[in-house]
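Pasted below: data_37.csv, CSV, C-alpha atoms.
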chain,number,residue,atom,x,y,z
A,77,MET,CA,79.3,-5.2,-89.0
A,78,LYS,CA,80.2,-7.0,-85.8
A,79,LEU,CA,81.4,-3.6,-84.4
A,80,LEU,CA,78.1,-2.0,-85.3
A,81,SER,CA,76.1,-4.8,-83.7
A,82,LEU,CA,78.2,-4.5,-80.5
A,83,ILE,CA,77.7,-0.7,-80.4
A,84,THR,CA,73.9,-1.2,-80.9
A,85,LEU,CA,73.8,-3.8,-78.2
A,86,THR,CA,75.8,-1.7,-75.8
A,87,SER,CA,73.7,1.4,-76.5
A,88,PHE,CA,70.5,-0.7,-75.8
A,89,PHE,CA,72.0,-2.0,-72.5
A,90,LEU,CA,72.9,1.5,-71.4
A,91,ILE,CA,69.5,2.9,-72.3
A,92,SER,CA,67.8,0.0,-70.4
A,93,THR,CA,70.1,0.5,-67.4
A,94,ASN,CA,69.5,4.2,-67.4
A,95,THR,CA,65.7,3.7,-67.6
A,96,TYR,CA,65.8,1.2,-64.8
A,97,SER,CA,68.0,3.5,-62.6
A,98,ARG,CA,65.8,6.5,-63.3
A,99,THR,CA,62.6,4.5,-62.5
A,100,ILE,CA,64.1,3.2,-59.2
A,101,ASP,CA,65.4,6.7,-58.2
A,102,SER,CA,62.0,8.2,-59.0
A,103,LEU,CA,60.2,5.5,-56.9
A,104,GLN,CA,62.5,5.9,-54.0
A,105,ASN,CA,62.5,9.7,-54.0
A,106,PHE,CA,58.7,9.8,-54.3
A,107,LEU,CA,58.0,7.3,-51.5
A,108,GLY,CA,60.8,8.8,-49.4
A,109,LYS,CA,58.4,11.7,-48.7
A,110,TYR,CA,55.9,9.4,-47.0
A,111,GLU,CA,56.1,7.9,-43.5
A,112,MET,CA,53.0,5.7,-43.9
A,113,LEU,CA,51.2,3.5,-46.4
A,114,GLU,CA,48.0,5.1,-47.6
A,115,SER,CA,44.7,3.2,-47.9
A,116,GLU,CA,43.9,1.8,-51.3
A,117,TYR,CA,40.6,3.6,-51.5
A,118,ILE,CA,41.0,6.8,-49.5
A,119,TYR,CA,38.5,8.7,-51.6
A,120,GLU,CA,34.7,8.3,-51.6
A,121,ASP,CA,34.6,7.6,-55.4
A,122,GLY,CA,37.0,4.6,-55.0
A,123,ARG,CA,40.0,6.2,-56.7
A,124,TYR,CA,43.4,5.1,-55.6
A,125,SER,CA,45.3,7.5,-53.4
A,126,PRO,CA,47.9,9.6,-55.2
A,127,GLN,CA,50.6,7.6,-53.4
A,128,LYS,CA,49.4,4.3,-54.8
A,129,SER,CA,48.6,5.7,-58.3
A,130,ILE,CA,52.1,7.2,-58.8
A,131,ALA,CA,54.0,4.3,-57.1
A,132,LEU,CA,52.3,1.7,-59.3
A,133,SER,CA,52.8,3.7,-62.4
A,134,LEU,CA,56.5,3.5,-61.7
A,135,THR,CA,56.6,-0.2,-60.6
A,136,LYS,CA,54.7,-1.1,-63.8
A,137,GLN,CA,57.7,-0.2,-65.8
A,138,LEU,CA,59.9,-2.8,-64.0
A,139,ASN,CA,60.3,-6.4,-64.9
A,140,GLU,CA,60.0,-9.4,-62.5
A,141,LYS,CA,63.7,-9.5,-61.6
A,142,GLU,CA,63.8,-5.8,-60.9
A,143,LEU,CA,60.8,-6.0,-58.7
A,144,VAL,CA,62.3,-8.8,-56.7
A,145,VAL,CA,65.5,-6.9,-56.3
A,146,LEU,CA,63.5,-4.1,-54.7
A,147,GLN,CA,62.7,-6.4,-51.8
A,148,SER,CA,66.1,-5.4,-50.5
A,149,SER,CA,65.2,-1.8,-50.3
A,150,GLU,CA,65.6,-0.1,-46.9
A,151,ASN,CA,62.3,1.8,-47.7
A,152,LEU,CA,59.4,-0.5,-46.7
A,153,LEU,CA,57.0,1.4,-48.8
A,154,VAL,CA,59.1,0.6,-51.9
A,155,ARG,CA,59.0,-3.1,-50.9
A,156,CYS,CA,55.2,-2.9,-50.5
A,157,TYR,CA,54.5,-1.4,-53.9
A,158,ALA,CA,57.1,-3.6,-55.7
A,159,PHE,CA,55.4,-6.7,-54.1
A,160,GLN,CA,52.0,-5.4,-55.0
A,161,GLN,CA,53.1,-5.1,-58.6
A,162,LEU,CA,54.3,-8.7,-58.6
A,163,CYS,CA,50.8,-9.6,-57.4
A,164,LEU,CA,49.2,-7.6,-60.1
A,165,ASN,CA,51.4,-9.4,-62.6
A,166,ASN,CA,50.4,-12.8,-61.2
A,167,SER,CA,54.1,-13.6,-60.7
A,168,LEU,CA,55.0,-16.8,-58.9
A,169,LYS,CA,57.8,-14.8,-57.3
A,170,VAL,CA,55.3,-13.6,-54.7
A,171,LEU,CA,55.6,-17.1,-53.2
A,172,THR,CA,59.4,-16.8,-52.9
A,173,VAL,CA,59.1,-13.3,-51.4
A,174,ILE,CA,56.6,-14.5,-48.8
A,175,GLN,CA,58.7,-17.5,-48.0
A,176,ASN,CA,61.7,-15.3,-47.4
A,177,ASN,CA,59.7,-13.0,-45.1
A,178,ILE,CA,57.5,-15.5,-43.4
A,179,SER,CA,59.2,-15.0,-40.0
A,180,ASN,CA,60.0,-11.3,-40.6
A,181,GLY,CA,59.0,-9.1,-37.7
A,182,LEU,CA,59.2,-5.8,-39.6
A,183,LYS,CA,56.1,-3.5,-39.3
A,184,ILE,CA,54.6,-0.9,-41.5
A,185,SER,CA,52.3,2.0,-40.5
A,186,ARG,CA,49.1,2.5,-42.5
A,187,ILE,CA,46.6,5.3,-42.7
A,188,ASP,CA,43.0,4.8,-43.6
A,189,GLY,CA,41.2,8.2,-43.6
A,190,CYS,CA,42.0,9.4,-40.1
A,191,LEU,CA,42.8,6.0,-38.6
A,192,ILE,CA,46.5,5.0,-38.2
A,193,THR,CA,47.3,1.4,-37.6
A,194,GLU,CA,50.4,-0.8,-37.5
A,195,GLN,CA,50.7,-4.0,-39.3
A,196,LEU,CA,53.4,-6.7,-39.9
A,197,LEU,CA,54.9,-6.4,-43.4
A,198,ILE,CA,54.3,-10.1,-44.0
A,199,GLU,CA,50.6,-9.6,-43.2
A,200,TYR,CA,50.4,-6.8,-45.7
A,201,TYR,CA,52.0,-9.1,-48.3
A,202,LEU,CA,49.5,-11.8,-47.6
A,203,GLU,CA,46.6,-9.3,-47.9
A,204,SER,CA,47.9,-8.0,-51.2
A,205,CYS,CA,48.4,-11.5,-52.6
A,206,PHE,CA,45.0,-12.9,-51.5
A,207,THR,CA,43.3,-9.8,-52.8
A,208,THR,CA,45.0,-9.4,-56.2
A,209,SER,CA,46.7,-12.6,-57.4
A,210,ASN,CA,44.9,-15.3,-59.3
A,211,GLN,CA,43.3,-18.5,-57.8
A,212,SER,CA,46.3,-20.7,-58.6
A,213,ILE,CA,48.8,-18.5,-56.8
A,214,ARG,CA,46.4,-18.1,-53.8
A,215,THR,CA,46.0,-21.8,-53.5
A,216,LYS,CA,49.8,-22.4,-53.6
A,217,LEU,CA,50.2,-19.6,-51.0
A,218,PHE,CA,47.7,-21.3,-48.7
A,219,HIS,CA,49.6,-24.6,-48.9
A,220,LEU,CA,52.9,-22.8,-48.4
A,221,LEU,CA,51.7,-21.2,-45.2
A,222,TYR,CA,50.3,-24.5,-43.9
A,223,SER,CA,53.5,-26.3,-44.6
A,224,PHE,CA,55.4,-23.7,-42.5
A,225,GLY,CA,52.7,-23.8,-39.7
A,226,LYS,CA,52.0,-20.1,-40.3
A,227,THR,CA,48.3,-20.1,-40.9
A,228,ASP,CA,48.1,-17.9,-37.7
A,229,LEU,CA,49.2,-15.1,-40.0
A,230,LEU,CA,45.9,-15.2,-41.9
A,231,THR,CA,43.3,-12.7,-40.8
A,232,LYS,CA,39.5,-13.2,-41.3
A,233,TYR,CA,39.8,-10.9,-44.4
A,234,THR,CA,42.5,-13.2,-46.0
A,235,ILE,CA,40.8,-16.4,-45.0
A,236,GLU,CA,37.7,-15.3,-46.9
A,237,ARG,CA,39.8,-15.1,-50.0
A,238,ILE,CA,41.2,-18.6,-49.9
A,239,PRO,CA,39.9,-20.3,-53.1
A,240,VAL,CA,37.0,-22.6,-52.6
A,241,ASN,CA,38.3,-25.8,-54.3
A,242,GLU,CA,39.0,-29.4,-53.5
A,243,GLN,CA,42.8,-28.8,-53.4
A,244,ASN,CA,42.2,-26.7,-50.3
A,245,TYR,CA,39.5,-28.8,-48.6
A,246,PRO,CA,41.9,-31.3,-46.8
A,247,LEU,CA,43.9,-28.4,-45.3
A,248,ILE,CA,40.8,-26.5,-44.2
A,249,GLU,CA,39.4,-29.6,-42.6
A,250,LYS,CA,42.7,-30.3,-40.8
A,251,ALA,CA,42.7,-26.7,-39.5
A,252,ILE,CA,39.2,-27.1,-38.1
A,253,LEU,CA,40.0,-30.4,-36.5
A,254,GLU,CA,43.1,-28.8,-34.9
A,255,GLY,CA,40.7,-26.2,-33.3
A,256,ASP,CA,41.1,-23.2,-35.6
A,257,ASN,CA,37.4,-22.1,-36.0
A,258,ARG,CA,38.4,-19.3,-38.3
A,259,PHE,CA,38.1,-21.7,-41.2
A,260,LEU,CA,34.7,-23.0,-40.2
A,261,TYR,CA,32.7,-20.4,-42.2
A,262,LEU,CA,34.7,-21.1,-45.3
A,263,PHE,CA,34.3,-24.9,-44.8
A,264,LEU,CA,30.5,-24.6,-44.4
A,265,SER,CA,30.2,-22.3,-47.4
A,266,TYR,CA,30.9,-25.1,-49.8
A,267,ARG,CA,30.4,-28.4,-48.0
A,268,LYS,CA,26.9,-29.8,-47.9
A,269,GLY,CA,25.6,-31.7,-44.9
A,270,ASN,CA,24.5,-31.4,-41.3
A,271,TYR,CA,27.2,-29.7,-39.2
A,272,ASP,CA,25.1,-28.6,-36.3
A,273,ARG,CA,27.3,-30.3,-33.7
A,274,MET,CA,30.4,-28.9,-35.2
A,275,ILE,CA,28.9,-25.4,-34.9
A,276,GLU,CA,27.8,-26.0,-31.3
A,277,LYS,CA,31.4,-27.0,-30.5
A,278,ALA,CA,32.7,-23.8,-32.1
A,279,VAL,CA,30.2,-21.7,-30.2
A,280,GLN,CA,31.4,-23.3,-26.9
A,281,LYS,CA,34.9,-22.2,-27.7
A,282,ASP,CA,33.8,-18.7,-28.6
A,283,SER,CA,34.2,-17.1,-25.2
A,284,MET,CA,32.9,-13.7,-26.4
A,285,LYS,CA,29.9,-15.3,-28.1
A,286,ILE,CA,30.2,-13.1,-31.1
A,287,ALA,CA,32.6,-14.5,-33.7
A,288,THR,CA,30.4,-17.5,-34.5
A,289,ILE,CA,27.1,-15.6,-35.0
A,290,ASP,CA,27.6,-15.8,-38.8
A,291,LEU,CA,27.5,-19.6,-38.5
A,292,PHE,CA,23.8,-19.5,-37.6
A,293,GLN,CA,22.8,-19.6,-41.3
A,294,PHE,CA,24.3,-23.1,-41.6
A,295,ILE,CA,22.3,-24.6,-38.6
A,296,ASN,CA,19.7,-27.2,-39.8
A,297,ASN,CA,17.9,-27.8,-36.5
A,298,ASP,CA,15.5,-25.1,-35.4
A,299,VAL,CA,15.8,-26.1,-31.8
A,300,ILE,CA,19.6,-25.8,-31.8
A,301,LEU,CA,19.2,-22.4,-33.6
A,302,LYS,CA,16.8,-21.1,-31.0
A,303,ASP,CA,18.8,-22.4,-28.0
A,304,LEU,CA,22.0,-20.7,-29.3
A,305,SER,CA,20.2,-17.5,-30.2
A,306,ILE,CA,18.9,-17.2,-26.7
A,307,VAL,CA,22.3,-17.8,-25.2
A,308,PHE,CA,23.8,-15.1,-27.4
A,309,LEU,CA,20.9,-12.6,-26.8
A,310,GLU,CA,20.9,-13.0,-23.1
A,311,GLN,CA,24.7,-12.9,-22.4
A,312,ASN,CA,25.1,-9.6,-20.6
A,313,ASP,CA,28.5,-7.9,-20.9
A,314,ARG,CA,30.0,-4.8,-22.7
A,315,LEU,CA,29.4,-6.4,-26.1
A,316,ASN,CA,25.8,-7.3,-25.5
A,317,GLN,CA,24.3,-4.6,-27.7
A,318,LEU,CA,26.5,-5.4,-30.7
A,319,ARG,CA,25.9,-9.1,-30.2
A,320,ARG,CA,22.1,-8.6,-30.1
A,321,GLU,CA,22.2,-6.6,-33.3
A,322,GLN,CA,24.0,-9.4,-35.1
A,323,VAL,CA,21.7,-12.2,-33.7
A,324,PHE,CA,18.6,-10.3,-34.8
A,325,LEU,CA,20.1,-9.5,-38.2
A,326,ASN,CA,20.8,-13.2,-38.8
A,327,LEU,CA,17.4,-14.3,-37.5
A,328,LEU,CA,15.7,-11.8,-39.8
A,329,LYS,CA,17.7,-13.0,-42.8
A,330,LEU,CA,16.7,-16.6,-42.0
A,331,GLU,CA,13.1,-15.5,-41.6
A,332,LYS,CA,12.9,-16.8,-38.0
A,333,PHE,CA,10.4,-14.2,-37.0
A,334,ASP,CA,8.9,-16.0,-34.0
A,335,LEU,CA,12.0,-15.7,-31.9
A,336,VAL,CA,12.4,-12.0,-32.9
A,337,MET,CA,8.9,-11.3,-31.8
A,338,GLU,CA,9.5,-12.8,-28.4
A,339,TYR,CA,12.0,-10.0,-27.6
A,340,LYS,CA,10.4,-7.0,-29.4
A,341,ASP,CA,8.6,-5.7,-26.3
A,342,LEU,CA,11.6,-5.9,-24.0
A,343,PRO,CA,13.1,-2.4,-23.7
A,344,GLU,CA,16.7,-3.6,-23.5
A,345,TYR,CA,16.4,-5.4,-26.9
A,346,GLN,CA,14.5,-2.7,-28.8
A,347,LYS,CA,17.4,-0.6,-29.9
A,348,PRO,CA,19.6,-3.4,-31.3
A,349,LEU,CA,16.4,-4.8,-32.9
A,350,TYR,CA,15.8,-1.5,-34.6
A,351,ILE,CA,19.3,-1.5,-36.2
A,352,ALA,CA,18.8,-5.0,-37.5
A,353,LEU,CA,15.3,-4.1,-38.9
A,354,TYR,CA,16.8,-1.0,-40.6
A,355,MET,CA,19.6,-3.0,-42.2
A,356,THR,CA,17.2,-5.7,-43.6
A,357,CYS,CA,14.1,-3.6,-44.4
A,358,THR,CA,11.9,-6.2,-42.9
A,359,PHE,CA,8.9,-5.6,-40.6
A,360,PRO,CA,8.5,-1.9,-41.6
A,361,GLU,CA,5.6,-1.5,-39.2
A,362,LEU,CA,7.7,-2.6,-36.3
A,363,ARG,CA,10.6,-0.4,-37.4
A,364,LEU,CA,8.3,2.6,-37.6
A,365,GLU,CA,7.0,1.8,-34.1
A,366,LEU,CA,10.5,1.8,-32.7
A,367,GLU,CA,11.4,5.0,-34.6
A,368,LYS,CA,8.6,6.9,-32.9
A,369,LYS,CA,9.7,5.5,-29.6
A,370,TYR,CA,13.4,6.4,-29.9
A,371,PRO,CA,13.6,9.4,-32.3
A,372,SER,CA,17.0,10.7,-31.2
A,373,PHE,CA,18.5,7.2,-31.3
A,374,THR,CA,17.0,6.6,-34.7
A,375,LYS,CA,18.9,9.5,-36.3
A,376,ARG,CA,22.2,8.5,-34.7
A,377,ALA,CA,21.7,4.8,-35.6
A,378,ARG,CA,21.1,5.7,-39.3
A,379,GLN,CA,24.2,7.9,-39.4
A,380,ARG,CA,26.2,5.0,-38.0
A,381,ILE,CA,24.8,2.5,-40.4
A,382,ASP,CA,25.3,4.8,-43.4
A,383,GLY,CA,28.9,5.2,-42.5
A,384,ASN,CA,28.8,8.8,-41.3
A,385,TYR,CA,29.0,8.3,-37.5
A,386,PRO,CA,31.4,6.5,-35.2
A,387,SER,CA,30.6,2.8,-34.6
A,388,GLU,CA,30.0,3.3,-30.9
A,389,LEU,CA,26.6,4.6,-29.9
A,390,THR,CA,25.5,5.8,-26.5
A,391,TRP,CA,22.8,3.4,-25.5

Using structure tokens, write down the structure from this file.
Amino acid sequence: MKLLSLITLTSFFLISTNTYSRTIDSLQNFLGKYEMLESEYIYEDGRYSPQKSIALSLTKQLNEKELVVLQSSENLLVRCYAFQQLCLNNSLKVLTVIQNNISNGLKISRIDGCLITEQLLIEYYLESCFTTSNQSIRTKLFHLLYSFGKTDLLTKYTIERIPVNEQNYPLIEKAILEGDNRFLYLFLSYRKGNYDRMIEKAVQKDSMKIATIDLFQFINNDVILKDLSIVFLEQNDRLNQLRREQVFLNLLKLEKFDLVMEYKDLPEYQKPLYIALYMTCTFPELRLELEKKYPSFTKRARQRIDGNYPSELTW
């Protein structure tokens, strides 16, 4: 009987080992054909790319320990999908993997449609974790990064996914006091009060006068809002048209129409104003007036807004 049990246990171990080995071999052989990481949503209908669909169907068969072991793979794509599976499983091991790679300078190449970009492997890990893992893990990860002084690894995209809870509030406040304005939008999104002076200070540090436009919605004082809007609208450099679009868009959303109307008859402001009007569907009569005035621009602007045209327009 003991011999039979031993044989059964040995057979199970061999089958499990063979399954694991076959899965690893399949994953490595499949991803070995690729040089780049494909975008998650490379198709219009939102389907995963074949690369991701097949890779995750294989990693799904592996347990937590096996996925962690794959972090030693020489193939960076294998590491990426093994890590992403840990995130999908809400495994706390993602924190260990990130801690082990927090100063890693390895880079991966990514392809999104026709656009090829290069990204640090650790940045991809953070993006995967903040996008996929549950709130508890994301909170722990934010505290881990802060303890290592590595919040500079966070992009705007990942910062927006930091859980809005009281556990994170002290760290967010510290980051702002230390001069990191990237956290200001998150802070203002869930703290009530008058932070006009804080916003003014952030704007003063914003040399391009563009990153802080989204903060306009949190300004309480109309005089401050008007003053800042004028500064942004009248700053003249290579980004002036994009900046004007965003200022008009924010003012329209806030229903601050008086300031918009002050600029509507000035030729240099009419095209960015049209884009803002088109995106908000406000003032249809003014939008129609501008469409008649700039018919060729109207067509190109709509193509750009609808995602079928390059972001740069010839003004």

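Atom pair CA of Leu230 in chain A / CA of Glu203 in chain A has a distance of 8.4 Å (rounded to one decimal).
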
Using all atoms listed in the file, what does the table of range 190-234 of chain A residues within 12 Å of range 254-269 of chain A look like, with each row giving the shortest atom pair and its distance in Å to one decimal, sorted by chain and ascending number, as a tab-separated table?
residue	atom	partner	partner_atom	distance
A:Gly225	CA	A:Glu254	CA	11.8
A:Thr227	CA	A:Asp256	CA	9.5
A:Asp228	CA	A:Asp256	CA	9.0
A:Leu229	CA	A:Arg258	CA	11.7
A:Leu230	CA	A:Arg258	CA	9.3
A:Thr231	CA	A:Arg258	CA	8.6
A:Lys232	CA	A:Arg258	CA	6.9
A:Tyr233	CA	A:Arg258	CA	10.5
A:Thr234	CA	A:Arg258	CA	10.6

Got a sec: who's within 6 Å of range 317-320 of chain A, counting all atoms listed in the file, leaving out chain neighbours fewer than 3 positions off, as a PDB file with C-alpha atoms, keeping the file's coordinate frame?
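Okay, out_5.pdb is ready:
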ATOM      1  CA  ILE A 286      30.200 -13.100 -31.100  1.00  0.00           C
ATOM      2  CA  LEU A 309      20.900 -12.600 -26.800  1.00  0.00           C
ATOM      3  CA  VAL A 323      21.700 -12.200 -33.700  1.00  0.00           C
ATOM      4  CA  PRO A 348      19.600  -3.400 -31.300  1.00  0.00           C
TER       5      PRO A 348
END

Please identify all polymer residues lying at most 12 Å from the point (55.6, -5.3, -48.2) (file coordinates), using all atoms listed in the file, and present the result as a ChimeraX atom specification.
/A:113,143-144,146-163,170,173-174,176-178,180-186,195-205

I'd like to know which of A:Tyr370, A:Gln127, A:Asn316, A:Lys302 is closest to Asp334 in chain A, using only C-alpha atoms.
A:Lys302

Have a look at CA of Lys250 in chain A and CA of Phe292 in chain A and let me know their distance in Å, one decimal.
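It comes out at 22.0 Å.
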
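Take CA of Asn139 in chain A and CA of Ile100 in chain A: the distance between them is 11.8 Å.
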
With a distance cut-off of 12 Å and all atoms listed in the file, select the neighbouring residues of range 358-369 of chain A, excluding the residue or stretch itself and same-chain residues fewer than 4 positions from it, and output the selection as a ChimeraX atom specification.
/A:324-325,327-333,336-337,340-343,345-354,373-378

Set the distance at 10 Å and use only C-alpha atoms: which residues neighbour Phe106 in chain A once local chain neighbours fewer than 2 positions away are removed? I'd like the list as a list in words.
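My reading of the contact set: Ile100, Asp101, Ser102, Leu103, Gln104, Gly108, Lys109, Tyr110, Gln127, Ile130, Ala131, Leu134 and Val154 of chain A.
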